[in-house]
file upload22.tsv (TSV, C-alpha atoms)
chain	number	residue	atom	x	y	z
Q	652	MET	CA	108.58	-24.61	77.00
Q	653	PHE	CA	107.22	-24.37	80.53
Q	654	GLU	CA	103.97	-22.56	81.35
Q	655	LYS	CA	102.12	-22.26	84.67
Q	656	PHE	CA	99.88	-19.92	86.65
Q	657	VAL	CA	101.56	-19.37	90.02
Q	658	GLU	CA	100.32	-17.90	93.27
Q	659	ALA	CA	101.96	-14.99	95.08
Q	660	ARG	CA	105.35	-15.93	96.58
Q	661	GLU	CA	104.95	-19.51	95.31
Q	662	THR	CA	108.06	-21.66	94.80
Q	663	PHE	CA	108.02	-24.40	92.18
Q	664	ASP	CA	110.35	-26.65	90.18
Q	665	PHE	CA	110.38	-27.80	86.57
Q	666	PRO	CA	112.81	-29.95	84.57
Q	667	VAL	CA	114.98	-28.37	81.86
Q	668	SER	CA	117.61	-29.45	79.37
Q	669	GLY	CA	119.61	-27.00	77.27
Q	670	THR	CA	122.02	-24.09	77.18
Q	671	PHE	CA	119.65	-21.11	77.52
Q	672	LEU	CA	116.61	-20.09	79.53
Q	673	TYR	CA	114.39	-17.19	78.37
Q	674	ILE	CA	111.62	-15.63	80.48
Q	675	MET	CA	108.74	-14.93	78.09
Q	676	GLU	CA	106.25	-13.87	80.78
Q	677	ALA	CA	106.45	-13.31	84.53
Q	678	PRO	CA	104.78	-11.27	87.30
Q	679	ALA	CA	106.03	-7.69	87.53
Q	680	ALA	CA	108.11	-8.30	90.69
Q	681	GLY	CA	110.18	-10.92	88.87
Q	682	LEU	CA	111.32	-14.48	89.52
Q	683	LEU	CA	114.18	-15.80	91.66
Q	684	VAL	CA	115.67	-18.54	89.45
Q	685	LYS	CA	118.16	-21.17	90.71
Q	686	ALA	CA	119.67	-23.20	87.86
Q	687	GLY	CA	122.55	-25.34	89.04
Q	688	GLU	CA	125.01	-23.06	90.84
Q	689	THR	CA	123.48	-19.93	89.27
Q	690	VAL	CA	120.92	-17.89	91.21
Q	691	GLN	CA	119.47	-14.79	89.52
Q	692	THR	CA	116.43	-12.55	89.67
Q	693	LEU	CA	114.89	-12.49	86.21
Q	694	TYR	CA	112.06	-10.47	84.74
Q	695	ALA	CA	109.96	-10.83	81.62
Q	696	ARG	CA	112.22	-10.93	78.49
Q	697	ASP	CA	115.36	-11.68	80.52
Q	698	GLN	CA	117.63	-14.53	79.41
Q	699	ILE	CA	120.49	-16.59	80.83
Q	700	SER	CA	122.65	-18.51	78.36
Q	701	ASN	CA	125.91	-20.41	77.92
Q	702	LEU	CA	124.87	-22.77	80.69
Q	703	ASN	CA	124.69	-26.51	80.88
Q	704	LEU	CA	121.13	-26.88	82.08
Q	705	ARG	CA	120.27	-30.43	83.01
Q	706	GLY	CA	117.92	-31.46	85.73
Q	707	THR	CA	115.59	-29.26	87.74
Q	708	VAL	CA	115.26	-25.48	87.92
Q	709	THR	CA	113.83	-23.97	91.10
Q	710	VAL	CA	111.82	-20.77	90.74
Q	711	GLN	CA	110.24	-18.48	93.33
Q	712	ASN	CA	107.63	-15.90	92.40
Q	713	LEU	CA	108.66	-12.64	94.06
Q	714	GLY	CA	105.37	-10.84	93.51
Q	715	ASP	CA	101.66	-11.29	92.99
Q	716	ALA	CA	99.99	-14.24	91.34
Q	717	GLY	CA	100.33	-14.47	87.57
Q	718	TRP	CA	101.42	-16.49	84.58
Q	719	VAL	CA	104.97	-17.74	84.11
Q	720	ARG	CA	106.14	-18.77	80.65
Q	721	VAL	CA	109.71	-19.95	80.14
Q	722	ARG	CA	111.41	-21.09	76.95
Q	723	TYR	CA	114.58	-23.20	77.11
Q	724	GLY	CA	116.71	-25.23	74.73
Q	725	PHE	CA	120.11	-25.63	73.08
Q	726	GLY	CA	122.07	-23.03	71.14
Q	727	GLN	CA	121.75	-19.26	71.16
Q	728	PHE	CA	118.19	-18.01	71.53
Q	729	GLU	CA	117.31	-14.78	69.73
Q	730	PRO	CA	113.85	-13.48	70.64
Q	731	SER	CA	111.64	-12.59	67.66
Q	732	PRO	CA	108.71	-10.15	67.54
Q	733	GLU	CA	106.37	-13.12	67.89
Q	734	ASN	CA	107.76	-14.21	71.28
Q	735	LEU	CA	108.61	-10.79	72.71
Q	736	GLY	CA	105.00	-10.00	73.48
Q	737	VAL	CA	102.85	-11.20	76.34
Q	738	LYS	CA	100.24	-13.86	75.67
Q	739	VAL	CA	96.74	-12.57	76.35
Q	740	ARG	CA	94.57	-15.23	77.94
Q	741	GLU	CA	91.54	-13.14	78.88
Q	742	MET	CA	90.10	-9.87	77.65
Q	743	PRO	CA	88.41	-7.44	80.04
Q	744	PRO	CA	84.66	-6.95	79.61
Q	745	VAL	CA	83.70	-4.29	77.09
Q	746	LYS	CA	80.61	-2.16	77.67
Q	747	VAL	CA	79.01	-0.45	74.67
Q	748	GLU	CA	76.79	2.48	75.65
Q	749	SER	CA	75.11	2.87	72.26
Q	750	LEU	CA	75.50	2.02	68.61
Q	751	PRO	CA	75.21	4.52	65.77
Q	752	ALA	CA	72.07	4.51	63.66
Q	753	VAL	CA	72.36	2.63	60.40
Q	754	THR	CA	70.57	3.89	57.29
Q	755	VAL	CA	70.12	1.44	54.42
Q	756	GLU	CA	69.94	3.38	51.17
Q	757	SER	CA	69.27	0.40	48.92
Q	758	LEU	CA	69.23	-3.38	48.87
Q	759	PRO	CA	70.54	-5.62	46.09
Q	760	ALA	CA	68.07	-7.19	43.70
Q	761	VAL	CA	66.91	-10.67	44.67
Q	762	ASN	CA	66.11	-13.24	42.01
Q	763	VAL	CA	63.65	-15.87	43.21
Q	764	GLU	CA	63.61	-18.88	40.90
Q	765	ALA	CA	60.81	-20.75	42.64
Q	766	LEU	CA	58.52	-20.45	45.64
Q	767	PRO	CA	57.14	-23.34	47.68
Q	768	ALA	CA	53.50	-24.28	47.27
Q	769	VAL	CA	51.15	-22.52	49.69
Q	770	LYS	CA	48.00	-24.16	50.98
Q	771	ILE	CA	45.27	-21.82	52.21
Q	772	SER	CA	42.81	-23.53	54.52
Q	773	LYS	CA	40.74	-20.49	55.46
Q	774	LEU	CA	40.18	-16.96	54.17
Q	775	PRO	CA	38.92	-13.99	56.18
Q	776	ARG	CA	35.48	-12.54	55.56
Q	777	VAL	CA	35.41	-10.10	52.64
Q	778	LYS	CA	32.99	-7.23	52.13
Q	779	PHE	CA	32.40	-5.84	48.64
Q	780	GLU	CA	31.23	-2.28	48.05
Q	781	ASN	CA	28.56	-1.30	45.56
Q	782	GLY	CA	29.69	-1.54	41.96
Q	783	GLN	CA	32.58	-3.94	42.59
Q	784	THR	CA	32.79	-7.06	40.45
Q	785	VAL	CA	34.43	-10.35	41.40
Q	786	ALA	CA	35.69	-13.06	39.05
Q	787	VAL	CA	36.01	-16.54	40.58
Q	788	TYR	CA	38.10	-19.28	38.95
Q	789	ALA	CA	38.00	-22.81	40.36
Q	790	LYS	CA	38.70	-26.34	39.18
Q	791	ASN	CA	35.82	-27.74	41.21
Q	792	PRO	CA	32.21	-26.54	41.07
Q	793	LEU	CA	31.33	-23.83	43.56
Q	794	ASN	CA	28.26	-24.16	45.71
Q	795	VAL	CA	26.70	-20.71	45.70
Q	796	ARG	CA	23.65	-19.98	47.81
Q	797	PRO	CA	21.34	-17.65	45.89
Q	798	VAL	CA	20.17	-14.45	47.52
Q	799	GLN	CA	16.52	-14.77	48.39
Q	800	PRO	CA	14.44	-11.60	47.90
Q	801	SER	CA	12.71	-10.56	51.08
Q	802	HIS	CA	10.25	-7.90	50.02
Q	803	TRP	CA	8.91	-5.57	47.37
Q	804	GLN	CA	8.58	-1.86	47.79
Q	805	THR	CA	7.01	0.79	45.58
Q	806	GLN	CA	7.20	4.54	45.33
Q	807	THR	CA	5.88	7.24	43.04
Q	808	LEU	CA	7.99	10.23	42.07
Q	809	THR	CA	6.55	13.45	40.62
Q	810	LEU	CA	8.76	15.81	38.63
Q	811	ASP	CA	8.78	19.27	40.22
Q	812	GLU	CA	8.03	22.55	38.45
Q	813	ASN	CA	11.56	22.48	37.05
Q	814	GLY	CA	10.87	19.03	35.59
Q	815	ARG	CA	13.22	17.16	37.93
Q	816	ALA	CA	13.02	14.44	40.62
Q	817	GLU	CA	15.66	12.40	42.45
Q	818	MET	CA	15.60	8.78	43.61
Q	819	GLU	CA	17.92	7.73	46.45
Q	820	ALA	CA	20.37	4.84	46.21
Q	821	ASN	CA	19.43	1.49	47.79
Q	822	ALA	CA	22.20	-1.07	48.43
Q	823	ALA	CA	19.62	-3.80	49.13
Q	824	ARG	CA	17.98	-3.35	45.73
Q	825	LEU	CA	18.11	-6.48	43.56
Q	826	SER	CA	16.12	-5.10	40.66
Q	827	MET	CA	13.54	-2.43	39.93
Q	828	THR	CA	11.02	-1.48	37.27
Q	829	ILE	CA	10.68	2.18	36.27
Q	830	THR	CA	7.38	3.11	34.59
Q	831	PRO	CA	6.97	6.82	33.69
Q	832	ALA	CA	3.62	8.38	32.73
Q	833	ALA	CA	5.45	10.26	29.96
Q	834	GLU	CA	8.94	10.31	28.50
Q	835	VAL	CA	11.71	11.06	31.02
Q	836	THR	CA	15.50	10.90	30.97
Q	837	ALA	CA	17.41	9.21	33.82
Q	838	TYR	CA	20.87	10.44	34.81
Q	839	PRO	CA	23.31	8.81	37.31
Q	840	SER	CA	24.02	12.12	39.08
Q	841	THR	CA	22.98	15.77	39.34
Q	842	ASP	CA	26.15	16.85	37.53
Q	843	ASP	CA	25.29	14.57	34.61
Q	844	ALA	CA	21.78	16.01	34.52
Q	845	GLU	CA	23.13	19.57	34.49
Q	846	ALA	CA	25.55	18.70	31.67
Q	847	ASP	CA	22.99	16.52	29.89
Q	848	THR	CA	25.46	13.62	29.65
Q	849	ASN	CA	25.14	9.87	30.32
Q	850	GLY	CA	21.37	10.13	30.16
Q	851	LEU	CA	18.97	7.27	29.36
Q	852	THR	CA	15.58	8.04	27.81
Q	853	ILE	CA	12.71	5.99	29.27
Q	854	THR	CA	9.32	5.99	27.53
Q	855	GLN	CA	7.79	2.82	28.96
Q	856	ALA	CA	8.35	0.24	31.70
Q	857	PHE	CA	12.10	-0.27	32.09
Q	858	GLU	CA	13.77	-2.91	34.31
Q	859	THR	CA	17.28	-2.46	35.75
Q	860	SER	CA	19.45	-3.76	38.62
Q	861	ILE	CA	21.21	-0.48	39.40
Q	862	THR	CA	21.53	0.21	43.13
Q	863	GLY	CA	22.71	3.81	42.89
Q	864	GLY	CA	20.61	6.94	42.91
Q	865	LEU	CA	19.06	8.46	39.77
Q	866	VAL	CA	17.99	11.94	38.66
Q	867	PHE	CA	14.93	12.08	36.39
Q	868	VAL	CA	14.34	15.00	34.01
Q	869	GLY	CA	11.21	15.58	31.94
Q	870	GLU	CA	8.00	17.59	31.76
Q	871	ALA	CA	6.88	19.10	35.06
Q	872	LYS	CA	4.30	17.14	37.08
Q	873	THR	CA	5.12	13.88	35.25
Q	874	THR	CA	4.75	10.90	37.59
Q	875	ILE	CA	7.07	7.90	37.70
Q	876	ASN	CA	6.04	4.61	39.30
Q	877	ILE	CA	8.96	2.59	40.72
Q	878	VAL	CA	8.75	-1.01	41.97
Q	879	GLU	CA	11.85	-2.37	43.77
Q	880	LEU	CA	12.73	-5.97	44.61
Q	881	CYS	CA	14.96	-5.83	47.70
Q	882	ALA	CA	16.97	-8.41	49.63
call {"tool": "encode", "arguments": {"input": "upload22.tsv", "output": "structure tokens"}}
result
Amino acid sequence: MFEKFVEARETFDFPVSGTFLYIMEAPAAGLLVKAGETVQTLYARDQISNLNLRGTVTVQNLGDAGWVRVRYGFGQFEPSPENLGVKVREMPPVKVESLPAVTVESLPAVNVEALPAVKISKLPRVKFENGQTVAVYAKNPLNVRPVQPSHWQTQTLTLDENGRAEMEANAARLSMTITPAAEVTAYPSTDDAEADTNGLTITQAFETSITGGLVFVGEAKTTINIVELCA
């Protein structure tokens, strides 16, 4: 088979040997083919046969530049669907304006048999709110710097005519000692005091590390001395 890209009006030769010559592809204006004593204008899918082709065939492109593909050989050539078409050597550029949105409803389950070891060299600073607890597990001893108390502070509360007084919360409180002049009951909130639930009866000096506020209930005019150790 012969194949070549030819310029407009170009004349060229190629050697052949056989009894047929089939034009598989040619410019639209056709080819002027001289094979021996035979001169014909052939177009794509044209064929000349029953010839004794030996030597050189001279071909002139009668139109614009393009590809020329010629099949030749012995016997009777019967074109098949595979060689009737034109060979595509280059596709034109395709411009896509937009793609449709894709919605993924679900993903298949993924089974992970093992994960690689992860080494953490540094952790960000962490702030804990009041009441949170932290459990630390480590193979090596941890060096923990104790919190050094910075000062003491005292206050005296007096139950009002309704027999109630409130102490504000103090996040810096490390511990405190509550010493009432008479029996009082401490509640963690006003609602608890109203419902008389979660109360703690205090009759003498009582030490605790609670940092939240308290509501004291007892006999009116009872005084409560409070000493706080703060960071």
call {"tool": "closest_residue", "arguments": {"input": "upload22.tsv", "among": "Q:Met827, Q:Val777, Q:Val866, Q:Ala816", "to": "Pro839 in chain Q", "atoms": "only C-alpha atoms"}}
result
Q:Val866
call {"tool": "residues_around", "arguments": {"input": "upload22.tsv", "residues": "range 685-693 of chain Q", "least_positions_apart": "4", "cutoff": "10 Å", "atoms": "all atoms listed in the file", "output": "CSV table (one decimal) with C-alpha atoms, in the coordinates of the input"}}
result
chain,number,residue,atom,x,y,z
Q,664,ASP,CA,110.4,-26.6,90.2
Q,667,VAL,CA,115.0,-28.4,81.9
Q,672,LEU,CA,116.6,-20.1,79.5
Q,673,TYR,CA,114.4,-17.2,78.4
Q,674,ILE,CA,111.6,-15.6,80.5
Q,677,ALA,CA,106.4,-13.3,84.5
Q,680,ALA,CA,108.1,-8.3,90.7
Q,681,GLY,CA,110.2,-10.9,88.9
Q,697,ASP,CA,115.4,-11.7,80.5
Q,698,GLN,CA,117.6,-14.5,79.4
Q,699,ILE,CA,120.5,-16.6,80.8
Q,702,LEU,CA,124.9,-22.8,80.7
Q,703,ASN,CA,124.7,-26.5,80.9
Q,704,LEU,CA,121.1,-26.9,82.1
Q,705,ARG,CA,120.3,-30.4,83.0
Q,706,GLY,CA,117.9,-31.5,85.7
Q,707,THR,CA,115.6,-29.3,87.7
Q,708,VAL,CA,115.3,-25.5,87.9
Q,709,THR,CA,113.8,-24.0,91.1
Q,710,VAL,CA,111.8,-20.8,90.7
Q,711,GLN,CA,110.2,-18.5,93.3
Q,712,ASN,CA,107.6,-15.9,92.4
Q,713,LEU,CA,108.7,-12.6,94.1
call {"tool": "residues_around", "arguments": {"input": "upload22.tsv", "residues": "Val835 in chain Q", "least_positions_apart": "3", "cutoff": "6 Å", "atoms": "all atoms listed in the file", "output": "list in words"}}
result
Thr852, Ile853, Val868 and Gly869 of chain Q
call {"tool": "atom_distance", "arguments": {"input": "upload22.tsv", "atom1": "CA of Gly863 in chain Q", "atom2": "CA of Pro775 in chain Q"}}
result
27.5 Å
call {"tool": "residues_around", "arguments": {"input": "upload22.tsv", "residues": "range 715-723 of chain Q", "least_positions_apart": "2", "cutoff": "7 Å", "atoms": "all atoms listed in the file", "output": "VMD selection string"}}
result
chain Q and resid 652 to 660 669 671 to 678
call {"tool": "write_last_selection", "arguments": {"input": "upload22.tsv", "atoms": "C-alpha atoms", "output": "short mmCIF file (atom, residue, chain, number, x, y, z; two decimals), in the frame of the given file"}}
result
data_model
loop_
_atom_site.label_atom_id
_atom_site.label_comp_id
_atom_site.auth_asym_id
_atom_site.auth_seq_id
_atom_site.Cartn_x
_atom_site.Cartn_y
_atom_site.Cartn_z
CA MET Q 652 108.58 -24.61 77.00
CA PHE Q 653 107.22 -24.37 80.53
CA GLU Q 654 103.97 -22.56 81.35
CA LYS Q 655 102.12 -22.26 84.67
CA PHE Q 656 99.88 -19.92 86.65
CA VAL Q 657 101.56 -19.37 90.02
CA GLU Q 658 100.32 -17.90 93.27
CA ALA Q 659 101.96 -14.99 95.08
CA ARG Q 660 105.35 -15.93 96.58
CA GLY Q 669 119.61 -27.00 77.27
CA PHE Q 671 119.65 -21.11 77.52
CA LEU Q 672 116.61 -20.09 79.53
CA TYR Q 673 114.39 -17.19 78.37
CA ILE Q 674 111.62 -15.63 80.48
CA MET Q 675 108.74 -14.93 78.09
CA GLU Q 676 106.25 -13.87 80.78
CA ALA Q 677 106.45 -13.31 84.53
CA PRO Q 678 104.78 -11.27 87.30
#
call {"tool": "closest_residue", "arguments": {"input": "upload22.tsv", "among": "Q:Asn781, Q:Leu774, Q:Thr670, Q:Gly814", "to": "Glu870 in chain Q", "atoms": "all atoms listed in the file"}}
result
Q:Gly814
call {"tool": "residues_near_point", "arguments": {"input": "upload22.tsv", "point": "(8.2, 2.5, 44.4)", "cutoff": "7 Å", "atoms": "all atoms listed in the file", "output": "mmCIF file with C-alpha atoms, in the frame of the given file"}}
result
data_model
loop_
_atom_site.group_PDB
_atom_site.id
_atom_site.type_symbol
_atom_site.label_atom_id
_atom_site.label_comp_id
_atom_site.auth_asym_id
_atom_site.auth_seq_id
_atom_site.Cartn_x
_atom_site.Cartn_y
_atom_site.Cartn_z
ATOM 1 C CA GLN Q 804 8.580 -1.860 47.790
ATOM 2 C CA THR Q 805 7.010 0.790 45.580
ATOM 3 C CA GLN Q 806 7.200 4.540 45.330
ATOM 4 C CA THR Q 807 5.880 7.240 43.040
ATOM 5 C CA ASN Q 876 6.040 4.610 39.300
ATOM 6 C CA ILE Q 877 8.960 2.590 40.720
ATOM 7 C CA VAL Q 878 8.750 -1.010 41.970
ATOM 8 C CA GLU Q 879 11.850 -2.370 43.770
#
call {"tool": "atom_distance", "arguments": {"input": "upload22.tsv", "atom1": "CA of Ile829 in chain Q", "atom2": "CA of Cys881 in chain Q"}}
result
14.6 Å
call {"tool": "atom_distance", "arguments": {"input": "upload22.tsv", "atom1": "CA of Ala823 in chain Q", "atom2": "CA of Glu780 in chain Q"}}
result
11.8 Å
call {"tool": "residues_near_point", "arguments": {"input": "upload22.tsv", "point": "(9.6, 20.6, 40.5)", "cutoff": "12 Å", "atoms": "only C-alpha atoms", "output": "list of chain:residue names"}}
result
Q:Leu808, Q:Thr809, Q:Leu810, Q:Asp811, Q:Glu812, Q:Asn813, Q:Gly814, Q:Arg815, Q:Ala816, Q:Glu817, Q:Phe867, Q:Val868, Q:Gly869, Q:Glu870, Q:Ala871, Q:Lys872, Q:Thr873, Q:Thr874
